[in-house]
Structure formats: structure tokens, C-alpha cells
Amino acid sequence: MKDIKALDFNLLKSLDALLDERHVTRAASKLGVTQPAMSAMLTRLRATFDDPLFVRSQRGIVPTQRALDLAMPLKQIMSELGALLQPPIFDPATAHQTFSIAATDYALRAVAVPFLQALKRQAPFIQVSLVPVDDALLPVQLEQGEIDLALVTPEAALPNLHARNLFQEHYVCVVREGHPVLAKGNTLALEDFCALDSALVSYAGGQFSGVTDDALKALGKQRNVTLSVKSFLIVPEILRASDMVAILPHRLVNGVPGLVVMEPPLAVPGFTKTAVWHERTHRDSAQRWLRELLFTACSESKPLAIAG
């Protein structure tokens with residue numbers, strides 16, 4: 001045989017079985033074929049390698065020197081081919097891999113921090129790249145492997161992506177410790193809330209109205225939004241340094257010193273945080289481990305009850 005492309009993989013399996021068993025009938029039984037079929041395979045093997053390969057003996061067949069020379073490389077080939085059919089085993093304690101996760105700044109505070117703490121304990125050599133999420137680019141980034149996992153709201157979880165809800169978030173009312181409005185107690189009347197200067201987060205930038213304002217409009221009310229920022233993470237600093245008020249996701253401000261967290265003076269719809277990933281990585285053992293760790297971290301990092 002001059003061209004490897006003409007080689008039948010079944011011939012290699014037959015040769016391997018014949019070398020192991022040194023008996024045509026036992027080799028046939030090992031592969032689950034009939035004795036005539038195995039004899040036919042041996043005939044093809046002899047033609048392929050231009051060698052008898054096996055000669056008859058009193059107890060079966062004896063390999064020729066050519067067959068013996070083929071035995072070791074054949075075992076290696078069969079082992080490598082077998083490995084192609086088995087998913088790689090992922091050991092987090094020794095793995096050296098890099099994962100890319102896209103998230104908003106809110107998700108970084110609410111999800112990534114407890115997740116990374118758990119990851120470092122279990123997988124000390126894993127590298128994680130946290131990048132901003134862009135809903136418009138997300139499907140292509142996941143498909144091309146630029147991002148392994150994204151933390152989004154359900155609206156960004158397109159039908160062709162795998163998705164799992166991580167938790168349900170609700171909004172709270174936040175002011176600094178020692179704020180004059182707290183003289184009335186750790187509750188805020190709707191009239192006082194509307195009269196205070198409010199800070200609002202606008203990911204698009206420059207907007208001064210959001211879900212809180214929609215809820216106020218339904219009540220015939222309006223608040224005084226004097227500051228619009230693109231990042232959630234700066235808002236706690238602004239609140240600590242001013243007499244402003246803000247309606248923020250609970251997990252963002254949970255445990256942040258210098259702030260007082262209260263129930264909002266009106267009902268504001270919350271949102272769901274969702275993890276999405278592509279079919280390309282759905283069955284990968286390392287990616288599955290990463291996702292399960294994220295799901296566990298989110299379920300265990302429940303926010304504390306609101307004071308007030």
C-alpha cells in the first residue's frame with residue numbers, strides 16, 4: 001500500500017485483535033464478527049502489507065516479523081484514535097486555561113466577586129478575562145470563541161444560545177449614613193424621595209429616566225434626577241459624598257459601608273440575571289465545570305435582609 005488514504009480503519013482493528021489473540025476465531029469473537037469475516041480481513045491485511053503477517057500453528061496463528069514490527073506502532077495508533085472518541089478529563093486543581101466572561105459592571109460586583117473567590121480555591125492556575133458585555137456583538141463573540149460565557153438579562157438571551165437564570169434581583173433605596181432624611185427613621189416617604197436629588201444609571205449614557213421613573217409616572221409622580229452616569233460602580237461613592245438618593249440593585253450595595261439601604265417608597269420592577277453560552281462550548285468538560293461553579297456561587301451569595 002502506497003497511500004494511507006486507502007487504508008481501512010477496520011483493517012487496523014482486525015490486525016490489533018489478531019495480534020492480541022493469535023487466533024482467528026477468538027479475534028472474530030473479540031470484534032463481534034464471524035470467523036469467515038475475520039478470515040476475509042486477514043486476506044485483505046496480507047494484501048495491504050504485502051506480507052503473510054500470520055502463519056498457522058498447532059494452537060492458532062503465529063505473527064511474522066513484519067506483524068511483530070507493526071504491533072507497537074499499531075497499539076499507539078489505536079490508543080490515539082480511541083482518545084479522539086473520549087472527551088478530555090478536566091481537573092480544575094491542575095488545569096491551565098483561560099476563560100473569557102462578558103458582564104456589566106453590576107454583574108462584576110454582584111456575581112463575579114463570589115464566583116472568583118470560589119474559582120481561586122478550586123482552580124488556582126485558571127486565568128479569567130472579564131470584559132464588558134455588548135449585546136449587539138455578543139452572538140458573534142460567543143460563536144467565534146472570543147467569549148465563553150456572558151452574564152446578561154433575559155432579553156439578550158437569544159433563542160440560539162443556551163441560557164440559565166442565575167437569580168432574581170430587586171431594587172432598593174440608598175442614601176448615605178447620617179443623611180438628614182434619616183432623622184425621620186430608616187424609611188423614606190414618597191414625597192421626600194421625589195424632592196431629593198436622585199442619581200440614575202444609564203448604560204446608554206445621558207438618559208435621565210428609567211424604570212423608577214416609569215413607576216412614578218404611573219402614580220402621577222416625578223422625581224428630581226440631577227445626575228446620570230454610565231456605571232453602577234461609581235454611584236455608591238457619589239452617595240457617600242452627597243445628600244443624593246438612588247434606586248439601585250440590592251446585590252450592588254449589599255454590605256457596602258457608609259450606606260443605608262431601605263425599601264423603595266414605591267414598587268419598582270426588578271430583573272433577572274442570566275448566564276448565556278454557545279452550543280460550541282455546551283458539552284466541553286472545562287466549560288461545564290466553569291458554569292456549574294458560577295451557578296453554585298450565585299445560589300450561595302444571597303443578599304442579606306434590608307434594614308429599616
# chains A, B, ... in the order shown; residues from 1 in each chain; ligands from 1

$ select_by_dssp --residues "region 2-185 of chain A" --states "strand (DSSP E or B)" --output "ChimeraX atom specification"
/A:54-57,60-63,98-103,127-132,149-152,162-169,171-176

$ residues_around --residues "Ala215 (chain A)" --least-positions-apart "3" --cutoff "10 Å" --atoms "only C-alpha atoms" --output "NGL selection string"
:A and (210-212 or 218-222 or 266-269)

$ write_last_selection --atoms "C-alpha atoms" --output "compact mmCIF listing (two decimals), in the first residue's frame"
# COMPACT_ATOMS: atom_id res chain seq x y z
CA GLY A 210 -35.55 54.72 33.86
CA VAL A 211 -37.75 52.01 35.38
CA THR A 212 -38.20 54.03 38.58
CA ALA A 218 -47.97 55.53 36.72
CA LEU A 219 -48.63 57.16 40.13
CA GLY A 220 -48.71 60.65 38.67
CA LYS A 221 -45.39 61.49 40.36
CA GLN A 222 -41.96 62.68 39.21
CA LEU A 266 -42.83 52.65 45.60
CA ALA A 267 -42.82 49.33 43.78
CA VAL A 268 -40.06 49.16 41.16
CA PRO A 269 -39.89 46.06 38.91

$ atom_distance --atom1 "CA of Arg176 (chain A)" --atom2 "CA of Pro114 (chain A)"
24.8 Å

$ residues_around --residues "Ala297 (chain A)" --least-positions-apart "2" --cutoff "8 Å" --atoms "only C-alpha atoms" --output "JSON list (two decimals) with all heavy atoms, in the first residue's frame"
[["chain", "number", "residue", "atom", "x", "y", "z"],
["A", 111, "VAL", "N", -21.89, 39.23, 40.88],
["A", 111, "VAL", "CA", -21.69, 37.83, 40.52],
["A", 111, "VAL", "C", -20.22, 37.45, 40.51],
["A", 111, "VAL", "O", -19.81, 36.44, 41.08],
["A", 111, "VAL", "CB", -22.31, 37.53, 39.14],
["A", 111, "VAL", "CG1", -22.04, 36.09, 38.73],
["A", 111, "VAL", "CG2", -23.81, 37.81, 39.16],
["A", 114, "PRO", "N", -18.00, 36.81, 44.18],
["A", 114, "PRO", "CA", -18.09, 35.49, 44.86],
["A", 114, "PRO", "C", -17.66, 34.34, 43.96],
["A", 114, "PRO", "O", -17.11, 33.35, 44.44],
["A", 114, "PRO", "CB", -19.57, 35.39, 45.23],
["A", 114, "PRO", "CG", -20.27, 36.36, 44.35],
["A", 114, "PRO", "CD", -19.31, 37.47, 44.10],
["A", 115, "PHE", "N", -17.90, 34.46, 42.67],
["A", 115, "PHE", "CA", -17.51, 33.40, 41.73],
["A", 115, "PHE", "C", -15.99, 33.26, 41.68],
["A", 115, "PHE", "O", -15.45, 32.14, 41.74],
["A", 115, "PHE", "CB", -18.06, 33.73, 40.34],
["A", 115, "PHE", "CG", -17.41, 32.97, 39.22],
["A", 115, "PHE", "CD1", -17.59, 31.61, 39.09],
["A", 115, "PHE", "CD2", -16.60, 33.63, 38.31],
["A", 115, "PHE", "CE1", -16.98, 30.90, 38.05],
["A", 115, "PHE", "CE2", -15.99, 32.94, 37.28],
["A", 115, "PHE", "CZ", -16.19, 31.58, 37.15],
["A", 118, "ALA", "N", -14.51, 31.51, 44.74],
["A", 118, "ALA", "CA", -14.66, 30.06, 44.68],
["A", 118, "ALA", "C", -13.70, 29.45, 43.66],
["A", 118, "ALA", "O", -13.12, 28.39, 43.88],
["A", 118, "ALA", "CB", -16.10, 29.70, 44.33],
["A", 293, "LEU", "N", -19.75, 25.99, 38.58],
["A", 293, "LEU", "CA", -19.17, 26.78, 39.66],
["A", 293, "LEU", "C", -19.86, 28.13, 39.77],
["A", 293, "LEU", "O", -20.15, 28.62, 40.87],
["A", 293, "LEU", "CB", -17.67, 26.97, 39.42],
["A", 293, "LEU", "CG", -16.90, 27.70, 40.53],
["A", 293, "LEU", "CD1", -16.85, 26.85, 41.80],
["A", 293, "LEU", "CD2", -15.49, 28.05, 40.07],
["A", 294, "LEU", "N", -20.14, 28.74, 38.63],
["A", 294, "LEU", "CA", -20.85, 30.02, 38.61],
["A", 294, "LEU", "C", -22.25, 29.87, 39.20],
["A", 294, "LEU", "O", -22.68, 30.69, 40.02],
["A", 294, "LEU", "CB", -20.93, 30.55, 37.18],
["A", 294, "LEU", "CG", -21.76, 31.82, 36.98],
["A", 294, "LEU", "CD1", -21.07, 33.01, 37.64],
["A", 294, "LEU", "CD2", -21.99, 32.09, 35.50],
["A", 295, "PHE", "N", -22.97, 28.83, 38.79],
["A", 295, "PHE", "CA", -24.33, 28.62, 39.29],
["A", 295, "PHE", "C", -24.32, 28.44, 40.81],
["A", 295, "PHE", "O", -25.17, 28.99, 41.52],
["A", 295, "PHE", "CB", -24.97, 27.40, 38.63],
["A", 295, "PHE", "CG", -25.02, 27.47, 37.13],
["A", 295, "PHE", "CD1", -25.02, 26.30, 36.37],
["A", 295, "PHE", "CD2", -25.05, 28.68, 36.48],
["A", 295, "PHE", "CE1", -25.07, 26.35, 34.99],
["A", 295, "PHE", "CE2", -25.09, 28.75, 35.09],
["A", 295, "PHE", "CZ", -25.10, 27.58, 34.35],
["A", 299, "SER", "N", -25.97, 30.93, 43.74],
["A", 299, "SER", "CA", -27.00, 30.44, 44.66],
["A", 299, "SER", "C", -26.60, 30.61, 46.12],
["A", 299, "SER", "O", -27.44, 30.76, 47.00],
["A", 299, "SER", "CB", -27.29, 28.96, 44.38],
["A", 299, "SER", "OG", -26.16, 28.16, 44.67],
["A", 300, "GLU", "N", -25.29, 30.60, 46.37],
["A", 300, "GLU", "CA", -24.81, 30.71, 47.75],
["A", 300, "GLU", "C", -24.61, 32.16, 48.19],
["A", 300, "GLU", "O", -24.56, 32.43, 49.39],
["A", 300, "GLU", "CB", -23.47, 29.96, 47.90],
["A", 300, "GLU", "CG", -23.62, 28.45, 47.77],
["A", 300, "GLU", "CD", -22.31, 27.73, 47.87],
["A", 300, "GLU", "OE1", -21.26, 28.42, 47.83],
["A", 300, "GLU", "OE2", -22.31, 26.50, 47.97],
["A", 301, "SER", "N", -24.50, 33.10, 47.25],
["A", 301, "SER", "CA", -24.24, 34.50, 47.62],
["A", 301, "SER", "C", -25.55, 35.29, 47.65],
["A", 301, "SER", "O", -25.75, 36.21, 46.88],
["A", 301, "SER", "CB", -23.27, 35.15, 46.62],
["A", 301, "SER", "OG", -23.83, 35.13, 45.31]]

$ closest_residue --among "A:Arg288, A:Arg59, A:His162, A:His170" --to "Arg251 (chain A)" --atoms "only C-alpha atoms"
A:His170

$ closest_residue --among "A:His278, A:Lys13, A:Lys75, A:Arg46" --to "Leu149 (chain A)" --atoms "only C-alpha atoms"
A:His278

$ closest_residue --among "A:Val128, A:Leu116, A:Val253, A:Leu158" --to "Val276 (chain A)" --atoms "only C-alpha atoms"
A:Leu158

$ closest_residue --among "A:Thr281, A:Thr153, A:Ser198, A:Gln287" --to "Tyr106 (chain A)" --atoms "only C-alpha atoms"
A:Thr153
